[in-house]
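Colleague: Have a look at this one before I ask anything.
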Amino acid sequence: MSESPDCLFCKIINGEIPSKKVYEDDSVFAFEDINPVAPIHILIVPKKHIATLNELEDEDTELTGKIVQTAKMIAADKGINEEGYRLIFNCQEKAGQTVFHIHLHILGGRTFGWPPG
Ligand code: AMP
Ligand code: ZN
């Protein structure tokens, strides 16, 4: 699977940096956020290194669907699917992206405001 040598999340996927793994299959990896902003805060990343949503290619359409389907599965597994949860992709600095390997945040276990800050 394509890795980027200096990427934090590539290192988490390959085990070089430890994480609290929630789920893994051949195309995605999910783990607990190290600095949670909600009682449940899990990140889902593709194993393929993609820096931002802007770098998605047509061939990644199935993979992006897979990421959302994985979020649905984890939300059900964590028991937050009925009460509700929030999914967030931050794209680029102004939106709050700090790690440049795309990741879907699953946030749950509390009430969220709208619009986000
Ligand atoms: P973003 O700001 O959308 O790029 O999200 C990056 C997320 O990665 C933040 O919520 C961080 O708390 C989280 N994070 C950074 N380093 C680690 C790590 N080593 N293990 C787990 N989560 C991390
Ligand atoms: Zn990466």
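We name chains A, B, ... following the order of the structure tokens; residues begin at 1 in each chain, and ligands are numbered from 1 as shown.
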For ligand 2, list the contacting residues at 12 Å or closer, counting only C-alpha atoms and all ligand atoms, as a PyMOL selection string.
Modeller: chain A and resi 1-14+28-29+45-52+99-103
Colleague: Output as a list in words all residues of region 2-113 of chain A that backbone DSSP marks as strand (DSSP E or B).
Modeller: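 In region 2-113 of chain A, DSSP puts these residues in strand (DSSP E or B): Lys21, Val22, Tyr23, Glu24, Val28, Phe29, Ala30, Phe31, Glu32, Ile40, His41, Ile42, Leu43, Ile44, Val45, Pro46, Tyr85, Arg86, Leu87, Ile88, Leu104, His105, Ile106, Leu107 and Gly108 of chain A.
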Colleague: Can you write out the residues you just picked, keeping C-alpha atoms, as a JSON list (two decimals), in the first residue's frame?
Modeller:
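Once everything was written out, this is selection.json:
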[["chain", "number", "residue", "atom", "x", "y", "z"],
["A", 21, "LYS", "CA", -6.77, 0.30, 17.08],
["A", 22, "VAL", "CA", -10.54, 0.08, 16.68],
["A", 23, "TYR", "CA", -10.79, -1.63, 13.28],
["A", 24, "GLU", "CA", -8.61, -2.69, 10.37],
["A", 28, "VAL", "CA", -8.83, 1.16, 6.00],
["A", 29, "PHE", "CA", -7.54, 1.56, 9.57],
["A", 30, "ALA", "CA", -9.44, 3.09, 12.50],
["A", 31, "PHE", "CA", -8.00, 4.19, 15.86],
["A", 32, "GLU", "CA", -8.82, 6.36, 18.85],
["A", 40, "ILE", "CA", -16.10, 8.86, 21.47],
["A", 41, "HIS", "CA", -13.53, 10.23, 19.01],
["A", 42, "ILE", "CA", -12.22, 7.81, 16.43],
["A", 43, "LEU", "CA", -10.30, 8.46, 13.22],
["A", 44, "ILE", "CA", -10.72, 6.36, 10.08],
["A", 45, "VAL", "CA", -7.91, 6.56, 7.52],
["A", 46, "PRO", "CA", -7.38, 4.87, 4.17],
["A", 85, "TYR", "CA", -22.93, 11.19, 15.89],
["A", 86, "ARG", "CA", -20.93, 13.53, 13.71],
["A", 87, "LEU", "CA", -18.53, 12.74, 10.83],
["A", 88, "ILE", "CA", -15.94, 15.35, 9.86],
["A", 104, "LEU", "CA", -12.67, 10.91, 8.90],
["A", 105, "HIS", "CA", -13.41, 11.93, 12.50],
["A", 106, "ILE", "CA", -16.25, 10.03, 14.20],
["A", 107, "LEU", "CA", -17.48, 12.08, 17.15],
["A", 108, "GLY", "CA", -20.15, 10.87, 19.55]]
Colleague: Counting only C-alpha atoms and all ligand atoms, name the residues that have an atom within 6 Å of an atom of ligand 1; the answer should be given as a list in words.
Modeller: Ser19, Glu32, Asp33, Ile34, Asn35, Asn90, Gly96, Gln97, Thr98 and Val99 of chain A
Colleague: Could you write out that same residue set with all heavy atoms as an mmCIF file, in the first residue's frame?
Modeller:
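And here's selection.cif as it stands now:
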data_model
loop_
_atom_site.group_PDB
_atom_site.id
_atom_site.type_symbol
_atom_site.label_atom_id
_atom_site.label_comp_id
_atom_site.auth_asym_id
_atom_site.auth_seq_id
_atom_site.Cartn_x
_atom_site.Cartn_y
_atom_site.Cartn_z
ATOM 1 N N SER A 19 -0.928 2.906 18.410
ATOM 2 C CA SER A 19 -2.246 3.539 18.468
ATOM 3 C C SER A 19 -3.203 2.558 19.120
ATOM 4 O O SER A 19 -2.899 1.367 19.245
ATOM 5 C CB SER A 19 -2.745 3.899 17.064
ATOM 6 O OG SER A 19 -3.047 2.720 16.329
ATOM 7 N N GLU A 32 -8.334 5.291 17.981
ATOM 8 C CA GLU A 32 -8.824 6.357 18.855
ATOM 9 C C GLU A 32 -7.964 7.611 18.705
ATOM 10 O O GLU A 32 -6.731 7.527 18.636
ATOM 11 C CB GLU A 32 -8.810 5.892 20.316
ATOM 12 C CG GLU A 32 -9.850 4.819 20.580
ATOM 13 C CD GLU A 32 -9.870 4.373 22.033
ATOM 14 O OE1 GLU A 32 -9.246 5.044 22.891
ATOM 15 O OE2 GLU A 32 -10.495 3.343 22.306
ATOM 16 N N ASP A 33 -8.622 8.769 18.665
ATOM 17 C CA ASP A 33 -7.888 10.029 18.607
ATOM 18 C C ASP A 33 -7.146 10.235 19.928
ATOM 19 O O ASP A 33 -7.695 10.014 21.010
ATOM 20 C CB ASP A 33 -8.864 11.192 18.357
ATOM 21 C CG ASP A 33 -8.142 12.448 17.892
ATOM 22 O OD1 ASP A 33 -7.382 13.034 18.701
ATOM 23 O OD2 ASP A 33 -8.323 12.848 16.728
ATOM 24 N N ILE A 34 -5.899 10.694 19.839
ATOM 25 C CA ILE A 34 -5.061 10.848 21.035
ATOM 26 C C ILE A 34 -5.506 12.025 21.902
ATOM 27 O O ILE A 34 -5.184 12.099 23.087
ATOM 28 C CB ILE A 34 -3.578 11.013 20.611
ATOM 29 C CG1 ILE A 34 -2.630 10.619 21.732
ATOM 30 C CG2 ILE A 34 -3.285 12.413 20.099
ATOM 31 C CD1 ILE A 34 -1.178 10.462 21.264
ATOM 32 N N ASN A 35 -6.253 12.946 21.300
ATOM 33 C CA ASN A 35 -6.710 14.146 22.017
ATOM 34 C C ASN A 35 -8.213 14.305 21.792
ATOM 35 O O ASN A 35 -8.660 15.192 21.064
ATOM 36 C CB ASN A 35 -5.935 15.364 21.496
ATOM 37 C CG ASN A 35 -6.247 16.611 22.262
ATOM 38 O OD1 ASN A 35 -6.686 16.559 23.411
ATOM 39 N ND2 ASN A 35 -6.054 17.762 21.625
ATOM 40 N N ASN A 90 -11.666 17.374 7.783
ATOM 41 C CA ASN A 90 -11.114 18.718 7.652
ATOM 42 C C ASN A 90 -10.199 18.737 6.436
ATOM 43 O O ASN A 90 -9.366 17.836 6.270
ATOM 44 C CB ASN A 90 -10.314 19.093 8.905
ATOM 45 C CG ASN A 90 -11.202 19.260 10.118
ATOM 46 O OD1 ASN A 90 -12.313 19.782 10.016
ATOM 47 N ND2 ASN A 90 -10.736 18.821 11.280
ATOM 48 N N GLY A 96 -8.884 23.359 9.662
ATOM 49 C CA GLY A 96 -8.400 22.691 10.862
ATOM 50 C C GLY A 96 -7.604 21.429 10.604
ATOM 51 O O GLY A 96 -7.279 20.700 11.547
ATOM 52 N N GLN A 97 -7.271 21.150 9.332
ATOM 53 C CA GLN A 97 -6.481 19.940 9.064
ATOM 54 C C GLN A 97 -5.052 20.142 9.553
ATOM 55 O O GLN A 97 -4.393 21.120 9.183
ATOM 56 C CB GLN A 97 -6.477 19.596 7.560
ATOM 57 C CG GLN A 97 -5.773 18.277 7.285
ATOM 58 C CD GLN A 97 -5.871 17.812 5.828
ATOM 59 O OE1 GLN A 97 -6.372 18.532 4.972
ATOM 60 N NE2 GLN A 97 -5.397 16.616 5.560
ATOM 61 N N THR A 98 -4.585 19.218 10.397
ATOM 62 C CA THR A 98 -3.218 19.291 10.931
ATOM 63 C C THR A 98 -2.373 18.091 10.519
ATOM 64 O O THR A 98 -1.152 18.154 10.582
ATOM 65 C CB THR A 98 -3.235 19.372 12.472
ATOM 66 O OG1 THR A 98 -3.914 18.222 12.994
ATOM 67 C CG2 THR A 98 -3.931 20.635 12.953
ATOM 68 N N VAL A 99 -3.017 16.993 10.138
ATOM 69 C CA VAL A 99 -2.291 15.812 9.663
ATOM 70 C C VAL A 99 -2.688 15.594 8.206
ATOM 71 O O VAL A 99 -3.880 15.444 7.894
ATOM 72 C CB VAL A 99 -2.616 14.565 10.512
ATOM 73 C CG1 VAL A 99 -1.863 13.352 9.975
ATOM 74 C CG2 VAL A 99 -2.260 14.799 11.981
#
Colleague: Rounded to one decimal, what separation in Å do you get between CA of Glu59 (chain A) and CA of Phe89 (chain A)?
Modeller: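 These atoms are spaced 19.0 Å apart.
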Colleague: For the atom pair CA of Lys20 (chain A) and CA of Gly113 (chain A), what is the interatomic distance in Å to one decimal place?
Modeller: 27.4 Å
Colleague: Let's see if you can do this: from backbone DSSP, list all helix (DSSP H, G or I) residues in region 9-84 of chain A, as number ranges by chain.
Modeller: A: 9-13, 53-55, 58-78
Colleague: Quote the spacing between CA of Ser27 (chain A) and CA of Leu53 (chain A) in Å to one decimal place.
Modeller: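 Here the two named atoms are 16.7 Å from each other.
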